[in-house]
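Pasting upload-v6.pdb here (PDB, C-alpha atoms):
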ATOM      1  CA  MET A   1       1.006   9.156 -21.305  1.00  0.00           C
ATOM      2  CA  PHE A   2      -2.518   8.406 -20.126  1.00  0.00           C
ATOM      3  CA  LEU A   3      -2.414  11.239 -17.587  1.00  0.00           C
ATOM      4  CA  LEU A   4      -0.888  13.528 -20.199  1.00  0.00           C
ATOM      5  CA  TYR A   5      -3.696  12.764 -22.643  1.00  0.00           C
ATOM      6  CA  PHE A   6      -6.282  13.378 -19.954  1.00  0.00           C
ATOM      7  CA  ALA A   7      -4.610  16.641 -18.877  1.00  0.00           C
ATOM      8  CA  LEU A   8      -4.520  17.822 -22.486  1.00  0.00           C
ATOM      9  CA  TRP A   9      -8.226  17.000 -22.802  1.00  0.00           C
ATOM     10  CA  ILE A  10      -9.010  19.146 -19.749  1.00  0.00           C
ATOM     11  CA  VAL A  11      -6.877  22.017 -21.074  1.00  0.00           C
ATOM     12  CA  PHE A  12      -8.393  21.902 -24.554  1.00  0.00           C
ATOM     13  CA  THR A  13     -12.004  21.657 -23.374  1.00  0.00           C
ATOM     14  CA  GLY A  14     -11.461  24.510 -20.932  1.00  0.00           C
ATOM     15  CA  MET A  15     -13.907  23.195 -18.350  1.00  0.00           C
ATOM     16  CA  VAL A  16     -13.959  20.641 -15.589  1.00  0.00           C
ATOM     17  CA  THR A  17     -17.364  19.030 -15.310  1.00  0.00           C
ATOM     18  CA  LEU A  18     -18.309  15.446 -14.596  1.00  0.00           C
ATOM     19  CA  GLU A  19     -19.367  14.928 -18.210  1.00  0.00           C
ATOM     20  CA  SER A  20     -16.184  16.351 -19.715  1.00  0.00           C
ATOM     21  CA  CYS A  21     -13.993  14.387 -17.276  1.00  0.00           C
ATOM     22  CA  VAL A  22     -15.738  11.083 -18.025  1.00  0.00           C
ATOM     23  CA  PHE A  23     -15.599  11.719 -21.743  1.00  0.00           C
ATOM     24  CA  GLY A  24     -11.940  12.791 -21.395  1.00  0.00           C
ATOM     25  CA  LEU A  25     -11.087   9.576 -19.538  1.00  0.00           C
ATOM     26  CA  VAL A  26     -12.681   7.517 -22.302  1.00  0.00           C
ATOM     27  CA  ILE A  27     -10.855   9.461 -25.035  1.00  0.00           C
ATOM     28  CA  ALA A  28      -7.526   9.272 -23.149  1.00  0.00           C
ATOM     29  CA  ALA A  29      -7.987   5.520 -22.633  1.00  0.00           C
ATOM     30  CA  GLY A  30      -8.700   5.071 -26.341  1.00  0.00           C
ATOM     31  CA  ILE A  31      -5.611   7.008 -27.404  1.00  0.00           C
ATOM     32  CA  PHE A  32      -3.510   5.161 -24.829  1.00  0.00           C
ATOM     33  CA  ALA A  33      -4.798   1.789 -26.109  1.00  0.00           C
ATOM     34  CA  PHE A  34      -3.954   2.867 -29.670  1.00  0.00           C
ATOM     35  CA  CYS A  35      -0.408   3.790 -28.600  1.00  0.00           C
ATOM     36  CA  CYS A  36       0.012   0.462 -26.812  1.00  0.00           C
ATOM     37  CA  LYS A  37      -1.151  -1.509 -29.813  1.00  0.00           C
ATOM     38  CA  PHE A  38       0.495   0.324 -32.699  1.00  0.00           C
ATOM     39  CA  MET A  39       3.342   2.436 -31.292  1.00  0.00           C
ATOM     40  CA  ASP A  40       5.352  -0.023 -29.181  1.00  0.00           C
ATOM     41  CA  TYR A  41       4.193   1.435 -25.899  1.00  0.00           C
ATOM     42  CA  SER A  42       2.965  -0.533 -22.910  1.00  0.00           C
ATOM     43  CA  LEU A  43       1.463  -0.218 -19.484  1.00  0.00           C
ATOM     44  CA  GLU A  44       4.798  -1.449 -18.104  1.00  0.00           C
ATOM     45  CA  LYS A  45       6.613   1.519 -19.660  1.00  0.00           C
ATOM     46  CA  GLU A  46       3.935   3.816 -18.248  1.00  0.00           C
ATOM     47  CA  LEU A  47       4.441   2.438 -14.734  1.00  0.00           C
ATOM     48  CA  ARG A  48       8.229   2.793 -15.037  1.00  0.00           C
ATOM     49  CA  LEU A  49       7.730   6.442 -15.956  1.00  0.00           C
ATOM     50  CA  TYR A  50       5.480   7.006 -12.931  1.00  0.00           C
ATOM     51  CA  ARG A  51       8.072   5.390 -10.636  1.00  0.00           C
ATOM     52  CA  LYS A  52      10.724   7.829 -11.850  1.00  0.00           C
ATOM     53  CA  ALA A  53       8.415  10.859 -11.985  1.00  0.00           C
ATOM     54  CA  PHE A  54       9.495  12.297  -8.609  1.00  0.00           C
ATOM     55  CA  GLY A  55      13.171  12.038  -9.566  1.00  0.00           C
ATOM     56  CA  LEU A  56      12.491  13.685 -12.918  1.00  0.00           C
ATOM     57  CA  ILE A  57      10.581  16.541 -11.286  1.00  0.00           C
ATOM     58  CA  ARG A  58      13.460  17.010  -8.833  1.00  0.00           C
ATOM     59  CA  TYR A  59      15.889  17.003 -11.771  1.00  0.00           C
ATOM     60  CA  VAL A  60      13.920  19.726 -13.568  1.00  0.00           C
ATOM     61  CA  TYR A  61      13.957  21.821 -10.378  1.00  0.00           C
ATOM     62  CA  VAL A  62      17.753  21.456 -10.083  1.00  0.00           C
ATOM     63  CA  LEU A  63      18.153  22.215 -13.802  1.00  0.00           C
ATOM     64  CA  ILE A  64      16.187  25.459 -13.454  1.00  0.00           C
ATOM     65  CA  ARG A  65      18.226  26.407 -10.378  1.00  0.00           C
ATOM     66  CA  GLU A  66      21.497  25.741 -12.244  1.00  0.00           C
ATOM     67  CA  ILE A  67      20.283  27.757 -15.254  1.00  0.00           C
ATOM     68  CA  ILE A  68      19.588  30.733 -12.978  1.00  0.00           C
ATOM     69  CA  LYS A  69      23.017  30.431 -11.312  1.00  0.00           C
ATOM     70  CA  ALA A  70      24.740  30.175 -14.695  1.00  0.00           C
ATOM     71  CA  ASN A  71      22.816  33.210 -15.931  1.00  0.00           C
ATOM     72  CA  MET A  72      24.207  35.232 -13.028  1.00  0.00           C
ATOM     73  CA  THR A  73      27.740  34.044 -13.815  1.00  0.00           C
ATOM     74  CA  VAL A  74      27.407  34.896 -17.503  1.00  0.00           C
ATOM     75  CA  ILE A  75      25.935  38.318 -16.704  1.00  0.00           C
ATOM     76  CA  HIS A  76      28.927  38.956 -14.435  1.00  0.00           C
ATOM     77  CA  LEU A  77      31.324  37.895 -17.224  1.00  0.00           C
ATOM     78  CA  ILE A  78      29.619  40.140 -19.756  1.00  0.00           C
ATOM     79  CA  LEU A  79      29.359  43.221 -17.558  1.00  0.00           C
ATOM     80  CA  SER A  80      32.800  42.889 -15.972  1.00  0.00           C
ATOM     81  CA  GLU A  81      35.250  45.243 -17.611  1.00  0.00           C
ATOM     82  CA  LYS A  82      38.255  43.799 -15.785  1.00  0.00           C
ATOM     83  CA  GLU A  83      37.802  40.183 -16.823  1.00  0.00           C
ATOM     84  CA  GLU A  84      38.113  39.036 -20.412  1.00  0.00           C
ATOM     85  CA  PRO A  85      36.435  35.655 -20.991  1.00  0.00           C
ATOM     86  CA  VAL A  86      38.800  32.859 -21.991  1.00  0.00           C
ATOM     87  CA  PRO A  87      36.847  30.198 -23.908  1.00  0.00           C
ATOM     88  CA  ALA A  88      37.672  26.553 -23.299  1.00  0.00           C
ATOM     89  CA  LEU A  89      36.802  23.153 -24.703  1.00  0.00           C
ATOM     90  CA  VAL A  90      36.216  20.488 -22.073  1.00  0.00           C
ATOM     91  CA  HIS A  91      36.424  16.781 -22.821  1.00  0.00           C
ATOM     92  CA  PHE A  92      34.909  14.381 -20.316  1.00  0.00           C
ATOM     93  CA  ARG A  93      33.409  10.934 -20.104  1.00  0.00           C
ATOM     94  CA  SER A  94      30.160  10.005 -18.405  1.00  0.00           C
ATOM     95  CA  ASP A  95      29.259   6.739 -16.691  1.00  0.00           C
ATOM     96  CA  LEU A  96      25.666   6.955 -17.925  1.00  0.00           C
ATOM     97  CA  LYS A  97      24.720   3.772 -19.745  1.00  0.00           C
ATOM     98  CA  SER A  98      21.397   4.743 -21.317  1.00  0.00           C
ATOM     99  CA  SER A  99      21.532   6.839 -24.467  1.00  0.00           C
ATOM    100  CA  VAL A 100      18.402   8.682 -23.285  1.00  0.00           C
ATOM    101  CA  PHE A 101      20.119   9.836 -20.093  1.00  0.00           C
ATOM    102  CA  ARG A 102      23.310  10.757 -21.993  1.00  0.00           C
ATOM    103  CA  VAL A 103      21.259  12.975 -24.324  1.00  0.00           C
ATOM    104  CA  ILE A 104      19.419  14.516 -21.354  1.00  0.00           C
ATOM    105  CA  MET A 105      22.839  15.312 -19.862  1.00  0.00           C
ATOM    106  CA  ALA A 106      24.015  16.907 -23.132  1.00  0.00           C
ATOM    107  CA  ASP A 107      20.820  18.948 -23.418  1.00  0.00           C
ATOM    108  CA  SER A 108      21.084  20.071 -19.787  1.00  0.00           C
ATOM    109  CA  VAL A 109      24.619  21.321 -20.372  1.00  0.00           C
ATOM    110  CA  THR A 110      23.482  23.184 -23.491  1.00  0.00           C
ATOM    111  CA  LEU A 111      20.495  24.727 -21.694  1.00  0.00           C
ATOM    112  CA  THR A 112      22.825  26.107 -19.031  1.00  0.00           C
ATOM    113  CA  PRO A 113      24.073  29.529 -20.196  1.00  0.00           C
ATOM    114  CA  GLY A 114      27.771  29.737 -20.960  1.00  0.00           C
ATOM    115  CA  THR A 115      28.120  26.115 -22.071  1.00  0.00           C
ATOM    116  CA  ILE A 116      27.272  24.268 -25.272  1.00  0.00           C
ATOM    117  CA  THR A 117      27.615  20.554 -25.912  1.00  0.00           C
ATOM    118  CA  VAL A 118      29.604  20.408 -29.112  1.00  0.00           C
ATOM    119  CA  SER A 119      29.819  16.650 -29.454  1.00  0.00           C
ATOM    120  CA  LEU A 120      28.422  13.519 -27.858  1.00  0.00           C
ATOM    121  CA  GLU A 121      29.848  10.246 -29.089  1.00  0.00           C
ATOM    122  CA  GLY A 122      29.017   7.272 -26.922  1.00  0.00           C
ATOM    123  CA  SER A 123      29.924   8.419 -23.418  1.00  0.00           C
ATOM    124  CA  ASP A 124      32.413  11.079 -24.542  1.00  0.00           C
ATOM    125  CA  TYR A 125      31.334  14.706 -24.348  1.00  0.00           C
ATOM    126  CA  VAL A 126      32.962  17.796 -25.766  1.00  0.00           C
ATOM    127  CA  VAL A 127      31.617  20.997 -24.215  1.00  0.00           C
ATOM    128  CA  HIS A 128      32.469  24.573 -25.180  1.00  0.00           C
ATOM    129  CA  CYS A 129      32.589  26.892 -22.178  1.00  0.00           C
ATOM    130  CA  LEU A 130      32.312  30.653 -22.507  1.00  0.00           C
ATOM    131  CA  ASP A 131      35.029  30.995 -19.877  1.00  0.00           C
ATOM    132  CA  GLU A 132      37.511  28.495 -18.463  1.00  0.00           C
ATOM    133  CA  SER A 133      36.142  29.213 -14.973  1.00  0.00           C
ATOM    134  CA  LEU A 134      32.991  27.313 -16.012  1.00  0.00           C
ATOM    135  CA  ALA A 135      34.975  24.204 -17.011  1.00  0.00           C
ATOM    136  CA  PRO A 136      36.047  22.582 -13.710  1.00  0.00           C
ATOM    137  CA  GLY A 137      33.780  19.887 -12.328  1.00  0.00           C
ATOM    138  CA  MET A 138      31.876  19.311 -15.541  1.00  0.00           C
ATOM    139  CA  ALA A 139      32.309  15.511 -15.382  1.00  0.00           C
ATOM    140  CA  ASP A 140      31.040  15.227 -11.817  1.00  0.00           C
ATOM    141  CA  SER A 141      28.365  17.905 -11.952  1.00  0.00           C
ATOM    142  CA  VAL A 142      25.032  17.748 -10.175  1.00  0.00           C
ATOM    143  CA  PHE A 143      23.462  16.750 -13.505  1.00  0.00           C
ATOM    144  CA  THR A 144      25.645  13.655 -13.761  1.00  0.00           C
ATOM    145  CA  GLU A 145      24.956  12.650 -10.166  1.00  0.00           C
ATOM    146  CA  MET A 146      21.187  12.995 -10.474  1.00  0.00           C
ATOM    147  CA  LEU A 147      20.979  11.267 -13.852  1.00  0.00           C
ATOM    148  CA  THR A 148      23.110   8.384 -12.588  1.00  0.00           C
ATOM    149  CA  GLU A 149      20.795   8.080  -9.596  1.00  0.00           C
ATOM    150  CA  LEU A 150      17.736   8.121 -11.881  1.00  0.00           C
ATOM    151  CA  GLU A 151      19.271   5.566 -14.222  1.00  0.00           C
ATOM    152  CA  ARG A 152      20.061   3.181 -11.373  1.00  0.00           C
ATOM    153  CA  ALA A 153      16.650   3.578  -9.744  1.00  0.00           C
ATOM    154  CA  PRO A 154      14.871   0.250  -9.471  1.00  0.00           C
ATOM    155  CA  GLU A 155      12.539  -0.453 -12.338  1.00  0.00           C
ATOM    156  CA  GLY A 156      10.235  -2.599 -10.276  1.00  0.00           C
ATOM    157  CA  LYS A 157       9.346  -6.146 -11.191  1.00  0.00           C
ATOM    158  CA  SER A 158      10.455  -7.203 -14.612  1.00  0.00           C
ATOM    159  CA  ARG A 159       9.037 -10.032 -16.643  1.00  0.00           C
ATOM    160  CA  PRO A 160      11.116 -13.196 -16.689  1.00  0.00           C
ATOM    161  CA  GLU A 161      12.437 -13.906 -20.141  1.00  0.00           C
ATOM    162  CA  ASN A 162      11.755 -17.328 -21.605  1.00  0.00           C
TER     163      ASN A 162
END

What is this structure when it is put down as structure tokens?
Amino acid sequence: MFLLYFALWIVFTGMVTLESCVFGLVIAAGIFAFCCKFMDYSLEKELRLYRKAFGLIRYVYVLIREIIKANMTVIHLILSEKEEPVPALVHFRSDLKSSVFRVIMADSVTLTPGTITVSLEGSDYVVHCLDESLAPGMADSVFTEMLTELERAPEGKSRPEN
């Protein structure tokens, strides 16, 4: 969050000078301290986010690539006169334990053209596919693999509980 606040400062000021950067660092530190004190945020959470940042960036890259591939498939389905799309509902279960990663998975499926997450209850997903050819492999997709890998990534040192 600290880097995000600082980046927003640079974008909003529209200039990169020593004065604006120093002032931006002070403002970002103040906002970050406020968030830590009053919004249940901590430096530990910040460091966990930085540790997973590379994996998240890689995930976004794969998501964009899959969106482009799905766009091509949907365009082919729409423009093909021979094939008539056969919609399908797919039920599958995910091994993701964190609700945040389960929601990211549901949103990723919905962002991919031709599929919409209809329901997410616990680890059970119901996905509507524009065509049944899009349905196979939904449970063990690249999204599931990458999110499972991100979820299991080491968090670093944790505080011992008393």

Counting only C-alpha atoms, the option among A:Leu147, A:Ala153, A:Leu43, A:Leu111 closest to Ser94 of chain A: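 Closest to Ser94 of chain A of all the choices is A:Leu147.
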
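The interatomic distance for the pair atom CA of Val118 of chain A and atom CA of Ile104 of chain A works out to 14.1 Å.
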
So the first atom is atom CA of Phe2 of chain A and the second is atom CA of Val60 of chain A; what is the distance between them in Å, to one decimal place?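 Computing the Euclidean distance for atom CA of Phe2 of chain A and atom CA of Val60 of chain A yields 21.0 Å.
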
Would you compute the distance between atom CA of Val90 of chain A and atom CA of Val127 of chain A? Give it in Å to one decimal. 5.1 Å

When the PyMOL selection byres ((chain A and resi 56-58) around 12) is applied to the structure above, which residues does it catch, written out as a PyMOL selection string? chain A and resi 48-55+59-65+101+104+142-143+146-151+153

Can you save segment 1-135 of chain A of the given block to a file, including C-alpha atoms and formatted as a PDB file, in the first residue's frame?
ATOM      1  CA  MET A   1       0.000   0.000   0.000  1.00  0.00           C
ATOM      2  CA  PHE A   2       2.857   2.365   0.786  1.00  0.00           C
ATOM      3  CA  LEU A   3       4.246   2.072  -2.745  1.00  0.00           C
ATOM      4  CA  LEU A   4       0.747   2.465  -4.158  1.00  0.00           C
ATOM      5  CA  TYR A   5       0.209   5.667  -2.182  1.00  0.00           C
ATOM      6  CA  PHE A   6       3.555   7.004  -3.327  1.00  0.00           C
ATOM      7  CA  ALA A   7       2.859   6.064  -6.965  1.00  0.00           C
ATOM      8  CA  LEU A   8      -0.524   7.785  -6.793  1.00  0.00           C
ATOM      9  CA  TRP A   9       1.175  10.891  -5.387  1.00  0.00           C
ATOM     10  CA  ILE A  10       3.591  10.961  -8.336  1.00  0.00           C
ATOM     11  CA  VAL A  11       0.746  10.477 -10.830  1.00  0.00           C
ATOM     12  CA  PHE A  12      -1.442  13.163  -9.274  1.00  0.00           C
ATOM     13  CA  THR A  13       1.331  15.750  -8.943  1.00  0.00           C
ATOM     14  CA  GLY A  14       2.425  15.120 -12.521  1.00  0.00           C
ATOM     15  CA  MET A  15       6.094  15.821 -11.866  1.00  0.00           C
ATOM     16  CA  VAL A  16       9.083  14.011 -10.474  1.00  0.00           C
ATOM     17  CA  THR A  17      11.338  16.387  -8.591  1.00  0.00           C
ATOM     18  CA  LEU A  18      13.280  15.881  -5.395  1.00  0.00           C
ATOM     19  CA  GLU A  19      10.862  18.106  -3.487  1.00  0.00           C
ATOM     20  CA  SER A  20       7.724  16.363  -4.729  1.00  0.00           C
ATOM     21  CA  CYS A  21       9.230  12.908  -4.092  1.00  0.00           C
ATOM     22  CA  VAL A  22      10.249  13.767  -0.522  1.00  0.00           C
ATOM     23  CA  PHE A  23       6.886  15.331   0.184  1.00  0.00           C
ATOM     24  CA  GLY A  24       5.174  12.325  -1.457  1.00  0.00           C
ATOM     25  CA  LEU A  25       7.136   9.905   0.734  1.00  0.00           C
ATOM     26  CA  VAL A  26       6.072  11.805   3.844  1.00  0.00           C
ATOM     27  CA  ILE A  27       2.414  11.887   2.750  1.00  0.00           C
ATOM     28  CA  ALA A  28       2.470   8.182   1.777  1.00  0.00           C
ATOM     29  CA  ALA A  29       4.058   7.287   5.129  1.00  0.00           C
ATOM     30  CA  GLY A  30       1.379   9.271   6.958  1.00  0.00           C
ATOM     31  CA  ILE A  31      -1.468   7.581   5.098  1.00  0.00           C
ATOM     32  CA  PHE A  32       0.165   4.182   5.591  1.00  0.00           C
ATOM     33  CA  ALA A  33       0.536   4.839   9.345  1.00  0.00           C
ATOM     34  CA  PHE A  34      -3.139   5.856   9.486  1.00  0.00           C
ATOM     35  CA  CYS A  35      -4.150   2.615   7.743  1.00  0.00           C
ATOM     36  CA  CYS A  36      -2.014   0.564  10.126  1.00  0.00           C
ATOM     37  CA  LYS A  37      -3.505   2.212  13.176  1.00  0.00           C
ATOM     38  CA  PHE A  38      -7.178   2.479  12.264  1.00  0.00           C
ATOM     39  CA  MET A  39      -7.869   0.053   9.404  1.00  0.00           C
ATOM     40  CA  ASP A  40      -6.431  -3.256  10.640  1.00  0.00           C
ATOM     41  CA  TYR A  41      -3.472  -3.151   8.300  1.00  0.00           C
ATOM     42  CA  SER A  42       0.123  -3.862   9.240  1.00  0.00           C
ATOM     43  CA  LEU A  43       3.650  -3.848   7.954  1.00  0.00           C
ATOM     44  CA  GLU A  44       3.536  -7.657   8.122  1.00  0.00           C
ATOM     45  CA  LYS A  45       0.622  -7.744   5.667  1.00  0.00           C
ATOM     46  CA  GLU A  46       2.516  -5.323   3.431  1.00  0.00           C
ATOM     47  CA  LEU A  47       5.584  -7.579   3.391  1.00  0.00           C
ATOM     48  CA  ARG A  48       3.438 -10.642   2.623  1.00  0.00           C
ATOM     49  CA  LEU A  49       1.994  -8.781  -0.353  1.00  0.00           C
ATOM     50  CA  TYR A  50       5.476  -7.884  -1.619  1.00  0.00           C
ATOM     51  CA  ARG A  51       6.582 -11.529  -1.311  1.00  0.00           C
ATOM     52  CA  LYS A  52       3.691 -12.633  -3.519  1.00  0.00           C
ATOM     53  CA  ALA A  53       3.921  -9.696  -5.938  1.00  0.00           C
ATOM     54  CA  PHE A  54       5.900 -11.578  -8.616  1.00  0.00           C
ATOM     55  CA  GLY A  55       3.409 -14.457  -8.569  1.00  0.00           C
ATOM     56  CA  LEU A  56       0.494 -12.038  -8.809  1.00  0.00           C
ATOM     57  CA  ILE A  57       2.070 -10.211 -11.749  1.00  0.00           C
ATOM     58  CA  ARG A  58       2.655 -13.563 -13.466  1.00  0.00           C
ATOM     59  CA  TYR A  59      -0.977 -14.488 -12.771  1.00  0.00           C
ATOM     60  CA  VAL A  60      -2.235 -11.265 -14.369  1.00  0.00           C
ATOM     61  CA  TYR A  61      -0.081 -11.977 -17.438  1.00  0.00           C
ATOM     62  CA  VAL A  62      -1.545 -15.495 -17.753  1.00  0.00           C
ATOM     63  CA  LEU A  63      -5.063 -14.122 -17.198  1.00  0.00           C
ATOM     64  CA  ILE A  64      -4.641 -11.616 -20.035  1.00  0.00           C
ATOM     65  CA  ARG A  65      -3.249 -14.351 -22.293  1.00  0.00           C
ATOM     66  CA  GLU A  66      -6.214 -16.631 -21.490  1.00  0.00           C
ATOM     67  CA  ILE A  67      -8.679 -13.779 -22.114  1.00  0.00           C
ATOM     68  CA  ILE A  68      -7.167 -13.231 -25.568  1.00  0.00           C
ATOM     69  CA  LYS A  69      -7.315 -16.966 -26.374  1.00  0.00           C
ATOM     70  CA  ALA A  70     -10.926 -17.171 -25.190  1.00  0.00           C
ATOM     71  CA  ASN A  71     -11.809 -14.123 -27.280  1.00  0.00           C
ATOM     72  CA  MET A  72     -10.523 -15.915 -30.376  1.00  0.00           C
ATOM     73  CA  THR A  73     -12.571 -19.008 -29.510  1.00  0.00           C
ATOM     74  CA  VAL A  74     -15.737 -16.985 -28.946  1.00  0.00           C
ATOM     75  CA  ILE A  75     -15.213 -15.038 -32.178  1.00  0.00           C
ATOM     76  CA  HIS A  76     -14.879 -18.364 -34.002  1.00  0.00           C
ATOM     77  CA  LEU A  77     -18.108 -19.628 -32.382  1.00  0.00           C
ATOM     78  CA  ILE A  78     -19.992 -16.475 -33.316  1.00  0.00           C
ATOM     79  CA  LEU A  79     -18.780 -16.243 -36.902  1.00  0.00           C
ATOM     80  CA  SER A  80     -18.994 -19.966 -37.653  1.00  0.00           C
ATOM     81  CA  GLU A  81     -22.128 -20.748 -39.603  1.00  0.00           C
ATOM     82  CA  LYS A  82     -21.656 -24.511 -39.348  1.00  0.00           C
ATOM     83  CA  GLU A  83     -21.418 -24.748 -35.574  1.00  0.00           C
ATOM     84  CA  GLU A  84     -24.309 -23.903 -33.290  1.00  0.00           C
ATOM     85  CA  PRO A  85     -23.160 -23.193 -29.718  1.00  0.00           C
ATOM     86  CA  VAL A  86     -24.434 -25.652 -27.122  1.00  0.00           C
ATOM     87  CA  PRO A  87     -24.462 -23.956 -23.703  1.00  0.00           C
ATOM     88  CA  ALA A  88     -23.433 -25.974 -20.669  1.00  0.00           C
ATOM     89  CA  LEU A  89     -23.360 -25.639 -16.905  1.00  0.00           C
ATOM     90  CA  VAL A  90     -20.199 -26.964 -15.287  1.00  0.00           C
ATOM     91  CA  HIS A  91     -20.009 -27.916 -11.626  1.00  0.00           C
ATOM     92  CA  PHE A  92     -16.578 -28.309 -10.075  1.00  0.00           C
ATOM     93  CA  ARG A  93     -14.830 -28.091  -6.747  1.00  0.00           C
ATOM     94  CA  SER A  94     -11.620 -26.226  -6.020  1.00  0.00           C
ATOM     95  CA  ASP A  95      -8.934 -27.083  -3.477  1.00  0.00           C
ATOM     96  CA  LEU A  96      -8.321 -23.404  -2.721  1.00  0.00           C
ATOM     97  CA  LYS A  97      -8.616 -22.772   1.000  1.00  0.00           C
ATOM     98  CA  SER A  98      -8.605 -18.972   1.139  1.00  0.00           C
ATOM     99  CA  SER A  99     -11.848 -17.210   0.295  1.00  0.00           C
ATOM    100  CA  VAL A 100      -9.822 -14.437  -1.374  1.00  0.00           C
ATOM    101  CA  PHE A 101      -8.230 -16.880  -3.817  1.00  0.00           C
ATOM    102  CA  ARG A 102     -11.580 -18.616  -4.457  1.00  0.00           C
ATOM    103  CA  VAL A 103     -13.123 -15.252  -5.387  1.00  0.00           C
ATOM    104  CA  ILE A 104     -10.125 -14.407  -7.596  1.00  0.00           C
ATOM    105  CA  MET A 105     -10.689 -17.746  -9.352  1.00  0.00           C
ATOM    106  CA  ALA A 106     -14.404 -16.985  -9.840  1.00  0.00           C
ATOM    107  CA  ASP A 107     -13.634 -13.505 -11.164  1.00  0.00           C
ATOM    108  CA  SER A 108     -10.975 -14.873 -13.524  1.00  0.00           C
ATOM    109  CA  VAL A 109     -13.459 -17.343 -14.982  1.00  0.00           C
ATOM    110  CA  THR A 110     -16.014 -14.557 -15.438  1.00  0.00           C
ATOM    111  CA  LEU A 111     -13.461 -12.243 -17.068  1.00  0.00           C
ATOM    112  CA  THR A 112     -12.664 -14.940 -19.621  1.00  0.00           C
ATOM    113  CA  PRO A 113     -15.090 -14.561 -22.552  1.00  0.00           C
ATOM    114  CA  GLY A 114     -17.545 -17.402 -23.009  1.00  0.00           C
ATOM    115  CA  THR A 115     -17.748 -18.306 -19.319  1.00  0.00           C
ATOM    116  CA  ILE A 116     -19.588 -16.815 -16.357  1.00  0.00           C
ATOM    117  CA  THR A 117     -19.369 -17.931 -12.748  1.00  0.00           C
ATOM    118  CA  VAL A 118     -22.978 -18.408 -11.769  1.00  0.00           C
ATOM    119  CA  SER A 119     -22.435 -19.546  -8.206  1.00  0.00           C
ATOM    120  CA  LEU A 120     -19.645 -19.886  -5.675  1.00  0.00           C
ATOM    121  CA  GLU A 121     -20.549 -21.575  -2.420  1.00  0.00           C
ATOM    122  CA  GLY A 122     -17.586 -22.591  -0.318  1.00  0.00           C
ATOM    123  CA  SER A 123     -15.344 -24.459  -2.748  1.00  0.00           C
ATOM    124  CA  ASP A 124     -18.138 -25.394  -5.168  1.00  0.00           C
ATOM    125  CA  TYR A 125     -18.363 -23.485  -8.433  1.00  0.00           C
ATOM    126  CA  VAL A 126     -21.101 -23.430 -11.023  1.00  0.00           C
ATOM    127  CA  VAL A 127     -19.948 -21.960 -14.336  1.00  0.00           C
ATOM    128  CA  HIS A 128     -22.056 -21.273 -17.422  1.00  0.00           C
ATOM    129  CA  CYS A 129     -20.156 -21.916 -20.644  1.00  0.00           C
ATOM    130  CA  LEU A 130     -21.237 -20.453 -23.964  1.00  0.00           C
ATOM    131  CA  ASP A 131     -20.394 -23.773 -25.602  1.00  0.00           C
ATOM    132  CA  GLU A 132     -19.759 -27.222 -24.150  1.00  0.00           C
ATOM    133  CA  SER A 133     -16.341 -27.233 -25.849  1.00  0.00           C
ATOM    134  CA  LEU A 134     -15.248 -24.631 -23.271  1.00  0.00           C
ATOM    135  CA  ALA A 135     -16.261 -26.851 -20.331  1.00  0.00           C
TER     136      ALA A 135
END
